[in-house]
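A.B. asks: Submitted below is the structure of interest, expressed as structure tokens.
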Amino acid sequence: MLRFVLFAAAAASLLPASAAFADTPAVSQVEVIIGPDLAAKADKLGEREFDYLARDLKRAVERRLERAGGLTASGGRLRLVIDDAVPNRPTPLQLTSKPGLSMESFGNGGARVSGEYVSADGVSTPIRYRWYETDIWQAQYAATWSDASLAFDRLARRIEDGQFVKD
């Protein structure tokens, strides 16, 4: 096993640096907003949850781009819209508004994100991604926004690879 790891590391070091990041878009600004469909759920989920979700998505995308060398001052603009997000556990507002809920309540979650990437030369590329957990087994170990956060991480990985659309 160690021999394989050493071989893989040696093979990766032989690739030119530009080939490793060839598909990563150059981005100077990442903007995340809450879409109207999700904003309509503010009275059910709580307004502060949207701040958390927007921060989480922005952090996931910027971290991936920075690691891949895609965050540059001369890059394009990445505008992401969180169209939908489903929590795994009740939010604080849901806990206070529905007496039968507790933090032991759980379900499948996920998120849907759209937007666009406008490159430095003005070319616009649409972004669409959605992922919702289908297996309830994992939900029992999740925090409030675990599956939405996982969806954001998966989208960030796709953006890093230059893959913007997945329905």
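Labels for the structure tokens follow display order: chains A, B, ..., residues from 1 in each chain, ligands from 1.
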Please identify all polymer residues within 7 Å of Ser119 in chain A, counting only C-alpha atoms, omitting same-chain residues fewer than 2 positions from it, and present them as a VMD selection string.
C.D. replies: chain A and resid 75 to 77 117 121 to 124
A.B. asks: Would you please give, as a ChimeraX atom specification, all residues of chain A that DSSP assigns to helix (DSSP H, G or I) based on the backbone?
C.D. replies: /A:2-14,17-20,36-39,42-45,47-68,92-97,136-139,146-160
A.B. asks: Using only C-alpha atoms, can you tell me which of A:Ile33, A:Leu71, A:Leu38, A:Ala156 comes closest to Arg55 in chain A?
C.D. replies: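 Of all the options, A:Ile33 lies closest to Arg55 in chain A.
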A.B. asks: With only C-alpha atoms as the atoms that count, which of A:Met103, A:Ala142, A:Ala26, A:Leu150 lies nearest to Pro90 in chain A?
C.D. replies: A:Met103
A.B. asks: What does the structure give for the distance between CA of Val86 in chain A and CA of Gly162 in chain A, in Å to one decimal?
C.D. replies: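 Taking CA of Val86 in chain A as the start and CA of Gly162 in chain A as the end point, the length is 26.0 Å.
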